[in-house]
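So the structure is just underneath, and the comments pick up after that.
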Amino acid sequence: MIHLWLASLLLAVPATGIPSPAFGRLEHRPAHCRIVVGGRPLACERLQINANGSRGLRLRFIGNDQATGGSYQLSFVSLNGDEGSPLSCDNSGCRLDSRRWNGTLLSTSWVRFDARGLPTGLPATRTAQGRCRIDEDTISCESHSRNVAGISAEAQL
């Protein structure tokens with residue numbers, strides 16, 4: 001009984017000290033979205049922006065493969081954004097607060113899924129050089145790696 005009372009007391013007292021980094025996800029269905037992998041343009045229907053701490057973002061561009069009934073996704077992990085995270089998250093969800101953001105790429109990942117949602121192989125994940133940008137009406141990422149064709153994606157907000 002005392003443990004239950006103590007646990008409820010700890011939940012009622014607000015935490016003090018260092019604020020915790022932002023974590024959360026914003027989903028968006030852009031009017032226009034395009035991925036370019038291996039020189040081949042592909043359409044995408046969804047964009048996910050995940051906050052991975054105070055300065056990191058994962059930008060995931062997701063499309064449907066009409067031929068197989070599956071899907072594909074291209075992810076960019078970016079660190080060291082110039083203004084911190086452009087996402088603002090609370091208990092009700094996340095929103096894009098800043099329409100100006102630049103971040104240096106850390107890695108890219110390309111993966112395909114079958115019609116049941118299972119991966120058709122291991123994700124092609126690579127360290128990458130490049131940048132992701134958010135401006136007034138566009139989110140874009142482009143990367144280039146040694147011995148690998150450039151990869152890019154762009155979505156309208």
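Identifiers for the structure tokens are assigned positionally: chains receive A, B, ... in sequence, residues are indexed from 1 per chain, and ligands are indexed from 1 in the order shown.
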Kindly assemble as a tab-separated table a list of the region 81-136 of chain A residues that lie within 9 Å of region 46-53 of chain A, each paired with its nearest atom pair and their distance in Å to one decimal, using only C-alpha atoms, sorted first by chain and then by ascending residue number.
```
residue	atom	partner	partner_atom	distance
A:Ser85	CA	A:Ala51	CA	7.0
A:Pro86	CA	A:Ala51	CA	8.6
A:Leu87	CA	A:Ala51	CA	6.8
A:Ser88	CA	A:Ala51	CA	8.9
A:Cys89	CA	A:Ala51	CA	8.7
```
Take the selection from the previous step and output its residues with all heavy atoms, as a PDB file, in the first residue's frame.
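result-v5.pdb, freshly written:
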```pdb
ATOM      1  N   SER A  85      15.523  21.222 -33.403  1.00  0.00           N
ATOM      2  CA  SER A  85      14.470  20.477 -34.090  1.00  0.00           C
ATOM      3  C   SER A  85      13.370  21.417 -34.569  1.00  0.00           C
ATOM      4  O   SER A  85      12.902  22.270 -33.815  1.00  0.00           O
ATOM      5  CB  SER A  85      13.870  19.418 -33.166  1.00  0.00           C
ATOM      6  OG  SER A  85      12.824  18.751 -33.841  1.00  0.00           O
ATOM      7  N   PRO A  86      12.908  21.248 -35.822  1.00  0.00           N
ATOM      8  CA  PRO A  86      11.798  22.068 -36.304  1.00  0.00           C
ATOM      9  C   PRO A  86      10.444  21.541 -35.820  1.00  0.00           C
ATOM     10  O   PRO A  86       9.429  22.189 -36.022  1.00  0.00           O
ATOM     11  CB  PRO A  86      11.905  21.949 -37.825  1.00  0.00           C
ATOM     12  CG  PRO A  86      12.507  20.608 -38.042  1.00  0.00           C
ATOM     13  CD  PRO A  86      13.450  20.398 -36.881  1.00  0.00           C
ATOM     14  N   LEU A  87      10.443  20.357 -35.173  1.00  0.00           N
ATOM     15  CA  LEU A  87       9.206  19.774 -34.662  1.00  0.00           C
ATOM     16  C   LEU A  87       8.952  20.225 -33.238  1.00  0.00           C
ATOM     17  O   LEU A  87       9.859  20.300 -32.421  1.00  0.00           O
ATOM     18  CB  LEU A  87       9.288  18.245 -34.666  1.00  0.00           C
ATOM     19  CG  LEU A  87       9.090  17.520 -35.972  1.00  0.00           C
ATOM     20  CD1 LEU A  87       9.152  16.013 -35.744  1.00  0.00           C
ATOM     21  CD2 LEU A  87       7.815  17.891 -36.652  1.00  0.00           C
ATOM     22  N   SER A  88       7.697  20.465 -32.961  1.00  0.00           N
ATOM     23  CA  SER A  88       7.263  20.749 -31.605  1.00  0.00           C
ATOM     24  C   SER A  88       6.231  19.679 -31.254  1.00  0.00           C
ATOM     25  O   SER A  88       5.216  19.555 -31.938  1.00  0.00           O
ATOM     26  CB  SER A  88       6.646  22.143 -31.541  1.00  0.00           C
ATOM     27  OG  SER A  88       6.151  22.391 -30.254  1.00  0.00           O
ATOM     28  N   CYS A  89       6.515  18.895 -30.223  1.00  0.00           N
ATOM     29  CA  CYS A  89       5.641  17.777 -29.865  1.00  0.00           C
ATOM     30  C   CYS A  89       5.147  17.915 -28.434  1.00  0.00           C
ATOM     31  O   CYS A  89       5.882  18.374 -27.554  1.00  0.00           O
ATOM     32  CB  CYS A  89       6.394  16.450 -30.001  1.00  0.00           C
ATOM     33  SG  CYS A  89       7.014  16.130 -31.668  1.00  0.00           S
TER      34      CYS A  89
END
```
#### Entry: Spatial neighbours of Phe76 (chain A), max dist 10 Å, only C-alpha atoms, sep filter under 3 positions, as a VMD selection string
chain A and resid 49 57 to 61 79 104 to 110 125 to 128 130 to 132 141 to 143 151 to 153
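Proximity ranking of A:Gln73, A:Ser145, A:Asn91, A:Thr138 relative to Pro123 (chain A) places A:Gln73 first, based on only C-alpha atoms.
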### Task
Enumerate, as a list in words, the complete set of residues in region 91-121 of chain A that a backbone-based DSSP assignment places in strand (DSSP E).
Gly93, Cys94, Arg95, Leu96, Trp101, Asn102, Gly103, Thr104, Leu105, Leu106, Ser107, Thr108, Ser109, Trp110, Val111, Arg112 and Phe113 of chain A
### Query
From the list A:Gly117, A:Gly84, A:Gly103, A:Gly93, which residue is nearest Arg25 (chain A) when using only C-alpha atoms?
A:Gly93
#### Entry: Selection: 6 Å around Phe113 (chain A), only C-alpha atoms, excl. self and same-chain fewer than 2 positions, as a count of residues only
7
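Coordinates place CA of Ala43 (chain A) at a distance of 24.8 Å from CA of Asn147 (chain A).
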### Message
I want to know what sits within 9 Å of His32 (chain A), based on only C-alpha atoms, with residues of the same chain fewer than 4 positions away left out; could you give that as a VMD selection string?
### Response
chain A and resid 43 to 45 154 to 157
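If you look at CA of Asp137 (chain A) and CA of Gly39 (chain A), they are 24.4 Å away from each other.
In this structure, CA of Glu136 (chain A) sits 5.1 Å away from CA of Arg99 (chain A).
For Leu42 (chain A), the residues within 10 Å (counting only C-alpha atoms, excluding itself and residues fewer than 5 positions away along the chain) are Cys33, Arg34, Ile35, Val36, Val37, Ile62, Gly63, Asn64, Asp65, Tyr72 and Ala153 of chain A.
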Keeping only N, CA and C atoms, write the selected residues as a PDB file, in the first residue's frame.
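Written file, out25.pdb:
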```
ATOM      1  N   CYS A  33       5.128  14.515 -54.092  1.00  0.00           N
ATOM      2  CA  CYS A  33       6.251  13.872 -53.402  1.00  0.00           C
ATOM      3  C   CYS A  33       6.980  12.996 -54.415  1.00  0.00           C
ATOM      4  N   ARG A  34       8.299  13.090 -54.428  1.00  0.00           N
ATOM      5  CA  ARG A  34       9.082  12.320 -55.386  1.00  0.00           C
ATOM      6  C   ARG A  34      10.378  11.841 -54.752  1.00  0.00           C
ATOM      7  N   ILE A  35      10.728  10.586 -55.041  1.00  0.00           N
ATOM      8  CA  ILE A  35      11.966   9.948 -54.600  1.00  0.00           C
ATOM      9  C   ILE A  35      12.769   9.638 -55.853  1.00  0.00           C
ATOM     10  N   VAL A  36      14.086   9.796 -55.786  1.00  0.00           N
ATOM     11  CA  VAL A  36      14.961   9.360 -56.878  1.00  0.00           C
ATOM     12  C   VAL A  36      15.999   8.424 -56.285  1.00  0.00           C
ATOM     13  N   VAL A  37      15.957   7.157 -56.709  1.00  0.00           N
ATOM     14  CA  VAL A  37      16.902   6.136 -56.238  1.00  0.00           C
ATOM     15  C   VAL A  37      17.529   5.487 -57.459  1.00  0.00           C
ATOM     16  N   ILE A  62       7.655   7.650 -48.107  1.00  0.00           N
ATOM     17  CA  ILE A  62       7.051   6.328 -48.273  1.00  0.00           C
ATOM     18  C   ILE A  62       6.155   6.320 -49.512  1.00  0.00           C
ATOM     19  N   GLY A  63       6.331   5.286 -50.338  1.00  0.00           N
ATOM     20  CA  GLY A  63       5.524   5.159 -51.543  1.00  0.00           C
ATOM     21  C   GLY A  63       4.941   3.771 -51.689  1.00  0.00           C
ATOM     22  N   ASN A  64       3.943   3.637 -52.555  1.00  0.00           N
ATOM     23  CA  ASN A  64       3.300   2.359 -52.832  1.00  0.00           C
ATOM     24  C   ASN A  64       3.808   1.815 -54.162  1.00  0.00           C
ATOM     25  N   ASP A  65       4.101   0.529 -54.197  1.00  0.00           N
ATOM     26  CA  ASP A  65       4.538  -0.141 -55.414  1.00  0.00           C
ATOM     27  C   ASP A  65       3.313  -0.779 -56.053  1.00  0.00           C
ATOM     28  N   TYR A  72       7.601   0.938 -50.471  1.00  0.00           N
ATOM     29  CA  TYR A  72       9.030   1.198 -50.318  1.00  0.00           C
ATOM     30  C   TYR A  72       9.175   2.454 -49.472  1.00  0.00           C
ATOM     31  N   ALA A 153      15.019  13.055 -52.340  1.00  0.00           N
ATOM     32  CA  ALA A 153      13.570  13.035 -52.165  1.00  0.00           C
ATOM     33  C   ALA A 153      13.112  14.471 -51.899  1.00  0.00           C
TER      34      ALA A 153
END
```
